[in-house]
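> What follows is the file query.pdb, containing PDB, C-alpha atoms:
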ATOM      1  CA  ALA A  72     -15.839  -9.407  17.295
ATOM      2  CA  ILE A  73     -13.784  -8.915  14.142
ATOM      3  CA  VAL A  74     -16.381  -7.072  12.079
ATOM      4  CA  THR A  75     -18.327  -4.341  13.844
ATOM      5  CA  GLY A  76     -20.573  -3.124  11.020
ATOM      6  CA  PRO A  77     -24.332  -3.166  11.620
ATOM      7  CA  VAL A  78     -24.931  -5.686   8.829
ATOM      8  CA  TYR A  79     -22.560  -8.184  10.405
ATOM      9  CA  SER A  80     -23.456  -7.572  14.046
ATOM     10  CA  ASP A  81     -27.074  -8.601  13.378
ATOM     11  CA  PHE A  82     -25.983 -11.663  11.407
ATOM     12  CA  SER A  83     -27.744 -14.882  12.322
ATOM     13  CA  PHE A  84     -27.618 -18.431  11.073
ATOM     14  CA  ASP A  85     -30.683 -20.197   9.838
ATOM     15  CA  GLY A  86     -29.217 -23.493  10.937
ATOM     16  CA  SER A  87     -28.421 -25.160  14.172
ATOM     17  CA  GLU A  88     -26.444 -24.019  17.157
ATOM     18  CA  GLY A  89     -23.559 -26.120  15.847
ATOM     19  CA  GLU A  90     -23.170 -23.714  12.925
ATOM     20  CA  GLN A  91     -23.094 -20.772  15.304
ATOM     21  CA  ALA A  92     -20.455 -22.473  17.426
ATOM     22  CA  ALA A  93     -18.405 -23.229  14.308
ATOM     23  CA  PHE A  94     -18.630 -19.586  13.249
ATOM     24  CA  LYS A  95     -17.516 -18.437  16.710
ATOM     25  CA  THR A  96     -14.604 -20.872  16.585
ATOM     26  CA  LEU A  97     -13.568 -19.569  13.155
ATOM     27  CA  GLU A  98     -13.824 -16.004  14.419
ATOM     28  CA  ASP A  99     -11.556 -16.816  17.372
ATOM     29  CA  LEU A 100      -9.157 -18.557  15.006
ATOM     30  CA  SER A 101      -8.962 -15.493  12.768
ATOM     31  CA  VAL A 102      -8.190 -13.256  15.763
ATOM     32  CA  SER A 103      -5.422 -15.669  16.787
ATOM     33  CA  GLN A 104      -4.089 -15.673  13.222
ATOM     34  CA  SER A 105      -4.009 -11.869  13.174
ATOM     35  CA  THR A 106      -2.086 -11.788  16.448
ATOM     36  CA  LEU A 107       0.310 -14.435  15.184
ATOM     37  CA  ASN A 108       0.932 -12.439  11.980
ATOM     38  CA  PHE A 109       1.865  -9.396  14.065
ATOM     39  CA  VAL A 110       4.244 -11.404  16.265
ATOM     40  CA  VAL A 111       5.931 -13.030  13.246
ATOM     41  CA  ALA A 112       6.332  -9.646  11.495
ATOM     42  CA  PHE A 113       7.876  -8.103  14.610
ATOM     43  CA  ASN A 114      10.188 -11.107  15.016
ATOM     44  CA  LEU A 115      11.354 -10.777  11.393
ATOM     45  CA  LEU A 116      12.041  -7.089  11.957
ATOM     46  CA  VAL A 117      14.170  -7.878  15.016
ATOM     47  CA  VAL A 118      16.063 -10.603  13.134
ATOM     48  CA  PHE A 119      16.725  -8.248  10.203
ATOM     49  CA  LEU A 120      17.945  -5.419  12.431
ATOM     50  CA  ARG A 121      20.127  -7.802  14.418
ATOM     51  CA  SER A 122      21.723  -9.176  11.251
ATOM     52  CA  VAL A 123      22.460  -5.623  10.037
ATOM     53  CA  MET A 124      24.141  -4.875  13.364
ATOM     54  CA  LEU A 125      26.256  -8.039  13.150
ATOM     55  CA  VAL A 126      27.335  -7.365   9.555
ATOM     56  CA  SER A 127      28.247  -3.763  10.379
ATOM     57  CA  GLY A 128      30.622  -5.064  13.037
ATOM     58  CA  LEU A 129      32.317  -7.387  10.548
ATOM     59  CA  SER A 130      32.936  -4.964   7.702
ATOM     60  CA  PRO A 131      34.297  -1.427   8.214
ATOM     61  CA  ASN A 132      32.978  -0.377   4.798
ATOM     62  CA  PHE A 133      29.463  -1.399   5.751
ATOM     63  CA  ASN A 134      29.802   0.480   9.020
ATOM     64  CA  LEU A 135      30.803   3.578   7.034
ATOM     65  CA  LEU A 136      27.754   3.134   4.794
ATOM     66  CA  LEU A 137      25.477   2.905   7.830
ATOM     67  CA  ALA A 138      27.080   6.039   9.298
ATOM     68  CA  VAL A 139      26.448   7.958   6.060
ATOM     69  CA  ILE A 140      22.832   6.789   5.906
ATOM     70  CA  GLY A 141      22.437   7.702   9.579
ATOM     71  CA  GLY A 142      23.784  11.190   8.890
ATOM     72  CA  ALA A 143      21.375  11.630   5.994
ATOM     73  CA  LEU A 144      18.391  10.201   7.863
ATOM     74  CA  GLY A 145      16.676  13.568   8.282
ATOM     75  CA  ASN A 146      16.969  14.380   4.589
ATOM     76  CA  LEU A 147      15.825  10.886   3.617
ATOM     77  CA  ALA A 148      12.805  11.148   5.889
ATOM     78  CA  PHE A 149      11.899  14.543   4.441
ATOM     79  CA  PHE A 150      12.263  13.144   0.912
ATOM     80  CA  CYS A 151      10.030  10.168   1.743
ATOM     81  CA  ILE A 152       7.373  12.427   3.251
ATOM     82  CA  MET A 153       7.408  14.802   0.279
ATOM     83  CA  PHE A 154       7.405  11.909  -2.186
ATOM     84  CA  GLY A 155       4.422  10.366  -0.387
ATOM     85  CA  ILE A 156       2.502  13.641  -0.464
ATOM     86  CA  MET A 157       3.215  14.239  -4.156
ATOM     87  CA  PHE A 158       2.506  10.646  -5.151
ATOM     88  CA  SER A 159      -0.747  10.624  -3.164
ATOM     89  CA  GLY A 160      -1.791  13.867  -4.827
ATOM     90  CA  PHE A 161      -1.214  12.438  -8.291
ATOM     91  CA  ALA A 162      -2.978   9.179  -7.409
ATOM     92  CA  PHE A 163      -6.049  11.009  -6.086
ATOM     93  CA  PHE A 164      -5.971  13.351  -9.086
ATOM     94  CA  ALA A 165      -5.937  10.306 -11.383
ATOM     95  CA  HIS A 166      -8.702   8.573  -9.426
ATOM     96  CA  PHE A 167     -11.064  11.529  -9.505
ATOM     97  CA  SER A 168     -10.277  12.447 -13.120
ATOM     98  CA  PHE A 169     -10.186   9.018 -14.759
ATOM     99  CA  GLY A 170     -11.803   6.652 -12.269
ATOM    100  CA  PRO A 171     -15.272   6.395 -13.780
ATOM    101  CA  ALA A 172     -14.040   5.841 -17.340
ATOM    102  CA  TYR A 173     -10.766   3.946 -16.855
ATOM    103  CA  ALA A 174     -11.063   0.532 -15.226
ATOM    104  CA  GLU A 175      -7.546   0.632 -13.753
ATOM    105  CA  MET A 176      -8.446   3.654 -11.591
ATOM    106  CA  THR A 177     -11.941   2.862 -10.348
ATOM    107  CA  THR A 178     -10.779   2.582  -6.721
ATOM    108  CA  VAL A 179      -8.202   4.581  -4.818
ATOM    109  CA  PHE A 180      -6.021   1.490  -4.346
ATOM    110  CA  LEU A 181      -6.068   0.751  -8.076
ATOM    111  CA  SER A 182      -5.181   4.384  -8.768
ATOM    112  CA  PHE A 183      -2.150   4.146  -6.482
ATOM    113  CA  LEU A 184      -1.163   0.867  -8.110
ATOM    114  CA  ASP A 185      -1.551   2.184 -11.662
ATOM    115  CA  CYS A 186       0.399   5.350 -10.825
ATOM    116  CA  PHE A 187       3.172   3.176  -9.404
ATOM    117  CA  ILE A 188       3.168   1.081 -12.575
ATOM    118  CA  MET A 189       3.327   4.280 -14.626
ATOM    119  CA  MET A 190       6.237   5.452 -12.495
ATOM    120  CA  THR A 191       8.137   2.252 -13.294
ATOM    121  CA  GLY A 192       7.873   2.971 -17.011
ATOM    122  CA  LYS A 193       4.582   1.666 -18.414
ATOM    123  CA  ALA A 194       3.005   4.502 -20.366
ATOM    124  CA  ASN A 195      -0.784   4.482 -20.715
ATOM    125  CA  PHE A 196      -1.525   7.868 -22.237
ATOM    126  CA  PHE A 197      -4.064   6.563 -24.755
ATOM    127  CA  ALA A 198      -6.076   4.754 -22.076
ATOM    128  CA  LEU A 199      -6.091   7.910 -19.945
ATOM    129  CA  ASN A 200      -7.031   9.965 -22.988
ATOM    130  CA  LYS A 201     -10.094   7.755 -23.527
ATOM    131  CA  GLY A 202     -11.101   8.451 -19.920
ATOM    132  CA  ASP A 203     -10.854  12.256 -20.055
ATOM    133  CA  ILE A 204      -9.529  13.966 -23.146
ATOM    134  CA  PHE A 205      -8.862  17.294 -21.394
ATOM    135  CA  MET A 206      -7.213  16.107 -18.161
ATOM    136  CA  ALA A 207      -5.126  13.270 -19.660
ATOM    137  CA  PRO A 208      -2.392  15.498 -21.171
ATOM    138  CA  ILE A 209      -2.170  17.582 -17.995
ATOM    139  CA  PHE A 210      -1.880  14.525 -15.771
ATOM    140  CA  TYR A 211       0.381  12.517 -18.074
ATOM    141  CA  PHE A 212       2.961  15.184 -18.816
ATOM    142  CA  SER A 213       3.063  16.545 -15.280
ATOM    143  CA  PHE A 214       3.378  13.045 -13.799
ATOM    144  CA  PHE A 215       6.116  11.933 -16.168
TER
END
Starting from the file, lay out its structure as structure tokens.

Amino acid sequence: AIVTGPVYSDFSFDGSEGEQAAFKTLEDLSVSQSTLNFVVAFNLLVVFLRSVMLVSGLSPNFNLLLAVIGGALGNLAFFCIMFGIMFSGFAFFAHFSFGPAYAEMTTVFLSFLDCFIMMTGKANFFALNKGDIFMAPIFYFSFF
């Protein structure tokens, strides 16, 4: 079954057995769709990597670029990990500080999204300040 929660596992139709069969068919279809999405995503990844390999063989400059990125892979990975930790910390800080009073941060996902939008240049200090007058300056000026 797709959904394993207790509310959904005890779900029953009030209608005929035809409705139950239709629901089972739709459930099987959604499992097939999920599997197909995974296969298509993996296929696109293979096609992308293969095209990068072919282009690197055609152009010596591109091959040099790939060699430089390969040499810096450890540093890039460390940067991505540290960026993810810092960004997650700020997003959770924003969610717990401004979530109840600021509609754009009521869920963790919306907090991540709004922090990303802030990172791209949209300033929302006054909206944050309405949410929590004491934490808004600390968050805003440390984030920017």
> Counting only C-alpha atoms, what is within 8 Å of A:Gly202, bar same-chain residues fewer than 3 positions away, as a PyMOL selection string?
chain A and resi 168-173+198-199+207
> Separation of atom CA of A:Ser87 and atom CA of A:Gln104, in Å?
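About the pair atom CA of A:Ser87 and atom CA of A:Gln104: they are 26.1 Å apart.
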> Of the residues A:Phe158, A:Val111, A:Leu125, A:Lys95, which is the one nearest to A:Asp185, using only C-alpha atoms?
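Checking each candidate against A:Asp185, we get A:Phe158 as the closest.
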> Could you tell me how far atom CA of A:Leu137 lies from atom CA of A:Phe119, in Å and to one decimal?
14.4 Å
> Nearest residue to A:Leu184 out of A:Phe167, A:Phe161, A:Leu136, A:Glu88, using only C-alpha atoms?
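Of all the options, A:Phe161 lies closest to A:Leu184.
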> Around all the atoms of stretch 205-210 of chain A listed in the file, draw an axis-aligned box and extend it by 6 Å on each of the six sides; I want its centre and edge lengths in Å to one decimal, as lines of an AutoDock Vina configuration file.

center_x = -5.4
center_y = 15.4
center_z = -18.6
size_x = 19.0
size_y = 16.3
size_z = 17.6
> Interatomic distance between atom CA of A:Leu181 and atom CA of A:Phe164?
12.6 Å
> Do you know which residues are at most 12 Å from A:Met190 counting all atoms listed in the file, after dropping those on the same chain fewer than 2 positions away, and could you put them as a ChimeraX atom specification?
/A:158,161-162,183-188,192-195,211,213-215
